[in-house]
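*Asks:* What follows is a structure written as C-alpha cells; I'll ask about it next.
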Amino acid sequence: MSLYPKNLTSIITEVYNKAVENNDVIQFKSTSKYLKTSNSKEASMKYHLTFCDIDAQKPVKPEREDTVKTKFDPFIRDEPEFAIINSLMNDEYKLVLNKFPIVDEHLLLVTKKAIPQASLLTPNDLNASYQLLKALQGEDQDDDDDDEDEEEENAKPKSRHVIFYNCGENSGYSIDHKHLQCMKIPNKLKTFQDFVVQENPEPYIPNVKREALENEAVAFANFTIPLPKKIVDEEYLVMCYVNLLQRALSYFQQWEEADESKRLAPSYSFMMTTDWMSIVPRSSECADIEFEGNTYTMFTNALGYLHMLLFKGGQKELYDKLLEKKDSTPIEDFLLKCAFPNNFSAPPAESDY
Ligand code: B4P
C-alpha cells in the first residue's frame, strides 16, 4: 500500500498554486543556463548554473536574519498553507512546500519532532522518500510487474525527481531540524550518477566483493548504487544506505587518523532518484572560487553534487564570465574543495578547507 494518495501530483499543484497566489510561498525569479564541462575525462557532462538574487527578493525576516543555524526552526510550527500531507506514517512526518523555492513545487519531508539534521536516515525516512519518488512518477506499491511493463510501453515523458538530505554541519543545510528535500531535476540534466549507472545498470547491493560504483571523471569522492526498476522495500534501501554511509564515514576516520587535532564533523550529501542512491562525503559547505583576480565565496548543499550550482547577488559577474568563457574548471575545483579528493589518503592542506 502506498503512503501517498493516487492524486498526489494534482494535490501538490493545487496547494502550490494557492500558496503562490496568496504570497505564502515566495517564488524566487532566477535564470539558468547549462555549462558544458571543460574536463576532458567526461566531455558530455554539463552543469546547470542558476543565478538568483535571493537577498534582494527575500522579505526581511528578523527571526531568520539574526539567528544561528541551530536555533531557527520554522518546521516545528504548524503552517497549514504549506501542507501537502499533514500527517504521514503515524504522524512521524509532514510533507510540505518549501516556502522559498527557485524550482516550482519544491517539497520538504519533515519530521514532526525536532530531530537534528546530523542524524542518520532511518528505515522510515528512506521508505517515505523512496515511495514519494515512486508516487511522483505515477508508480506506487500497488503496481505489480505487469503494470510496470504496460506503463513502459505507453510511456509518456515524465518529470524526474530527486530526494536529497544535507546531513551534518558541513553539508550546507540552514535549518537544524531533520528534513529531506524533493525537487524536479531540470530537463536534459544528466548527473555524474546517471553516467555511472548508465554504464553499470545492473542493480546490486554492495558487499565485500563488489563495492559501490565510483565515477572517476569527477575529482571528488563519490559512491553510487544502481537501484532496481522494480519497487524495492525498506530493507533493501537500508542495506544500500548503510553501505554508502560506511564508505563516506571512512573518509572522516582517515582524516582523524592523519591528525587527531583536526576533527571534522561527519557530513555528507545524500541523493536518491528511482534509478540510484548516492553519497558524497563533505568537508565544507562553502569555498572560495578565485577567478580573474577576484575571490567569490560560494555555498552548496547536495544540489551542487547534482550539477546544480546557485549563484547569488554578488556572484553575477562570476556567473556571466564562466558562461561567456565556457570554463567549468572553477566549478570543478569548488566542488572538490567542499568534498574530498577521489583518491583521498591524507587531509588536504588546511588552507584548502
Ligand atoms: P536547508 O537544508 O536547511 O537549506 P538549503 O536548502 O540549503 O536552503 P537555504 O535556506 O540555505 O537557502 P539558499 O539561499 O541556499 O533547507 C531548509 C529549506 O527550508 C530551505 O530550502 C528553505 O527555503 C526552506 N524554508 C525556510 N523556512 C521555511 C518555512 N517556514 N516553511 C517551509 N520551508 C521553509 O537557497 C534558496 C532556495 O534555493 C532553497 O529553496 C534552496 O533549496 C534552493 N536552491 C539552492 N540551490 C539551488 C539550485 N542550484 N537550483 C535550484 N534551487 C536551488
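Going through the C-alpha cells in order, the chains are called A, B, and so on, while each chain numbers its residues from 1 and the ligands are numbered from 1 in the order shown.
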With 7 Å as the cut-off and only C-alpha atoms and all ligand atoms counted, what is the closest atom pair between each nearby residue of chain A and ligand 1? Distances in Å to one decimal, ordered by chain and number, as JSON lines.

*Replies:*
```
{"residue": "A:Leu49", "atom": "CA", "partner": "ligand 1", "partner_atom_place_in_ligand_line": "49 (N)", "distance": 6.6}
{"residue": "A:Thr50", "atom": "CA", "partner": "ligand 1", "partner_atom_place_in_ligand_line": "49 (N)", "distance": 5.8}
{"residue": "A:Ile54", "atom": "CA", "partner": "ligand 1", "partner_atom_place_in_ligand_line": "14 (O)", "distance": 6.5}
{"residue": "A:Pro74", "atom": "CA", "partner": "ligand 1", "partner_atom_place_in_ligand_line": "30 (N)", "distance": 4.6}
{"residue": "A:Phe75", "atom": "CA", "partner": "ligand 1", "partner_atom_place_in_ligand_line": "30 (N)", "distance": 6.3}
{"residue": "A:Phe82", "atom": "CA", "partner": "ligand 1", "partner_atom_place_in_ligand_line": "32 (C)", "distance": 6.8}
{"residue": "A:Val96", "atom": "CA", "partner": "ligand 1", "partner_atom_place_in_ligand_line": "32 (C)", "distance": 6.7}
{"residue": "A:Leu97", "atom": "CA", "partner": "ligand 1", "partner_atom_place_in_ligand_line": "32 (C)", "distance": 5.8}
{"residue": "A:Asn98", "atom": "CA", "partner": "ligand 1", "partner_atom_place_in_ligand_line": "33 (N)", "distance": 3.8}
{"residue": "A:Lys99", "atom": "CA", "partner": "ligand 1", "partner_atom_place_in_ligand_line": "33 (N)", "distance": 4.0}
{"residue": "A:Phe100", "atom": "CA", "partner": "ligand 1", "partner_atom_place_in_ligand_line": "23 (O)", "distance": 4.1}
{"residue": "A:Pro101", "atom": "CA", "partner": "ligand 1", "partner_atom_place_in_ligand_line": "40 (O)", "distance": 4.3}
{"residue": "A:Ile102", "atom": "CA", "partner": "ligand 1", "partner_atom_place_in_ligand_line": "52 (N)", "distance": 4.7}
{"residue": "A:Val103", "atom": "CA", "partner": "ligand 1", "partner_atom_place_in_ligand_line": "51 (C)", "distance": 5.6}
{"residue": "A:Asn166", "atom": "CA", "partner": "ligand 1", "partner_atom_place_in_ligand_line": "2 (O)", "distance": 5.7}
{"residue": "A:Gly172", "atom": "CA", "partner": "ligand 1", "partner_atom_place_in_ligand_line": "7 (O)", "distance": 5.3}
{"residue": "A:Tyr173", "atom": "CA", "partner": "ligand 1", "partner_atom_place_in_ligand_line": "2 (O)", "distance": 3.6}
{"residue": "A:Ser174", "atom": "CA", "partner": "ligand 1", "partner_atom_place_in_ligand_line": "3 (O)", "distance": 3.4}
{"residue": "A:Ile175", "atom": "CA", "partner": "ligand 1", "partner_atom_place_in_ligand_line": "3 (O)", "distance": 3.7}
{"residue": "A:Asp176", "atom": "CA", "partner": "ligand 1", "partner_atom_place_in_ligand_line": "3 (O)", "distance": 6.5}
{"residue": "A:Thr300", "atom": "CA", "partner": "ligand 1", "partner_atom_place_in_ligand_line": "46 (N)", "distance": 6.8}
{"residue": "A:Asn301", "atom": "CA", "partner": "ligand 1", "partner_atom_place_in_ligand_line": "7 (O)", "distance": 5.2}
{"residue": "A:Leu303", "atom": "CA", "partner": "ligand 1", "partner_atom_place_in_ligand_line": "49 (N)", "distance": 5.7}
{"residue": "A:Gly304", "atom": "CA", "partner": "ligand 1", "partner_atom_place_in_ligand_line": "49 (N)", "distance": 6.5}
{"residue": "A:Met308", "atom": "CA", "partner": "ligand 1", "partner_atom_place_in_ligand_line": "49 (N)", "distance": 4.1}
{"residue": "A:Leu309", "atom": "CA", "partner": "ligand 1", "partner_atom_place_in_ligand_line": "49 (N)", "distance": 4.0}
{"residue": "A:Leu310", "atom": "CA", "partner": "ligand 1", "partner_atom_place_in_ligand_line": "49 (N)", "distance": 4.0}
```

*Asks:* As a ChimeraX atom specification, please: the residues near range 186-193 of chain A (cut-off 10 Å, only C-alpha atoms, same-chain neighbours under 4 positions excluded).

*Replies:* /A:32,34,42,44-48,103,158-161,197-198,213-218,222-226,271-273,275-279,305-308

*Asks:* Would you mind writing down, as a PyMOL selection string, each residue of range 61-255 of chain A that DSSP on the backbone assigns to helix (DSSP H, G or I)?

*Replies:* chain A and resi 62-65+74-76+80-82+123-136+145-153+192-199+234-255

*Asks:* Using only C-alpha atoms, which of the listed residues (A:Ala135, A:Ala265, A:Leu318, A:Ala212) sits closest to Gln253 in chain A?

*Replies:*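 Of A:Ala135, A:Ala265, A:Leu318, A:Ala212, the one nearest Gln253 in chain A is A:Ala265, counting only C-alpha atoms.
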
*Asks:* Excluding Tyr296 in chain A and residues on its chain fewer than 3 positions from it, collect all residues at most 8 Å away from it, counting only C-alpha atoms, and give them as a PyMOL selection string.

*Replies:* chain A and resi 288-291+315+318

*Asks:* Compile the contact shell of Cys240 in chain A as a list of chain:residue names: residues with an atom at most 9 Å away, counting only C-alpha atoms, same-chain residues fewer than 2 positions apart removed.

*Replies:*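 After dropping sequence-adjacent residues, the list is A:Tyr204, A:Ile205, A:Pro206, A:Ala212, A:Ile225, A:Leu227, A:Glu235, A:Tyr236, A:Leu237, A:Val238, A:Val242, A:Asn243, A:Leu244, A:Leu245, A:Met277.
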
*Asks:* What's the 8 Å shell around Val110 in chain A, counting only C-alpha atoms, without same-chain residues fewer than 3 positions away, as an MDAnalysis selection string?

*Replies:* chainID A and resid 75 93:96 177:180

*Asks:* Please produce a file of the residues just selected, as an mmCIF file, in the first residue's frame, where the atoms kept are N, CA and C atoms.

*Replies:*
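Output file part_24.cif follows:
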```cif
data_model
loop_
_atom_site.group_PDB
_atom_site.id
_atom_site.type_symbol
_atom_site.label_atom_id
_atom_site.label_comp_id
_atom_site.auth_asym_id
_atom_site.auth_seq_id
_atom_site.Cartn_x
_atom_site.Cartn_y
_atom_site.Cartn_z
ATOM 1 N N PHE A 75 10.050 24.636 11.158
ATOM 2 C CA PHE A 75 9.328 23.386 10.910
ATOM 3 C C PHE A 75 8.554 22.878 12.128
ATOM 4 N N TYR A 93 5.920 12.228 10.113
ATOM 5 C CA TYR A 93 6.359 13.254 9.144
ATOM 6 C C TYR A 93 5.198 14.116 8.671
ATOM 7 N N LYS A 94 5.581 15.273 8.099
ATOM 8 C CA LYS A 94 4.648 16.025 7.269
ATOM 9 C C LYS A 94 5.358 16.293 5.935
ATOM 10 N N LEU A 95 4.554 16.374 4.875
ATOM 11 C CA LEU A 95 5.099 16.723 3.562
ATOM 12 C C LEU A 95 4.604 18.127 3.256
ATOM 13 N N VAL A 96 5.560 19.070 3.133
ATOM 14 C CA VAL A 96 5.168 20.477 2.973
ATOM 15 C C VAL A 96 5.887 21.108 1.780
ATOM 16 N N HIS A 177 16.668 20.963 11.705
ATOM 17 C CA HIS A 177 15.503 20.133 12.061
ATOM 18 C C HIS A 177 15.399 19.146 10.902
ATOM 19 N N LYS A 178 15.402 17.850 11.201
ATOM 20 C CA LYS A 178 15.534 16.852 10.139
ATOM 21 C C LYS A 178 14.510 17.046 9.012
ATOM 22 N N HIS A 179 15.028 17.258 7.798
ATOM 23 C CA HIS A 179 14.172 17.400 6.627
ATOM 24 C C HIS A 179 14.902 16.885 5.395
ATOM 25 N N LEU A 180 14.178 16.128 4.591
ATOM 26 C CA LEU A 180 14.689 15.732 3.279
ATOM 27 C C LEU A 180 13.994 16.631 2.275
#
```

*Asks:* Pick out each residue of range 23-262 of chain A that DSSP on the backbone tags as strand (DSSP E); I need them as a ChimeraX atom specification.

*Replies:* /A:31-36,46-51,83-88,93-97,107-111,161-167,179-184,223-226

*Asks:* Rounded to one decimal, what separation in Å do you get between CA of Glu81 in chain A and CA of Ala19 in chain A?

*Replies:*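 Calculated distance between CA of Glu81 in chain A and CA of Ala19 in chain A is 6.3 Å.
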
*Asks:* Would you mind listing what lies within 7 Å of Thr31 in chain A as a count of residues only, with only C-alpha atoms counted and same-chain residues fewer than 2 positions away left out?

*Replies:* 4

*Asks:* Ranking A:Glu199, A:Asp73, A:Glu234, A:Glu285 by minimum distance to Ser171 in chain A and counting only C-alpha atoms, which one comes first?

*Replies:*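 Distance minimum relative to Ser171 in chain A lands on A:Glu285.
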
*Asks:* Distance CA of Lys29 in chain A-CA of Asp327 in chain A, one decimal place?

*Replies:*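 According to the coordinates, CA of Lys29 in chain A and CA of Asp327 in chain A are separated by 24.8 Å.
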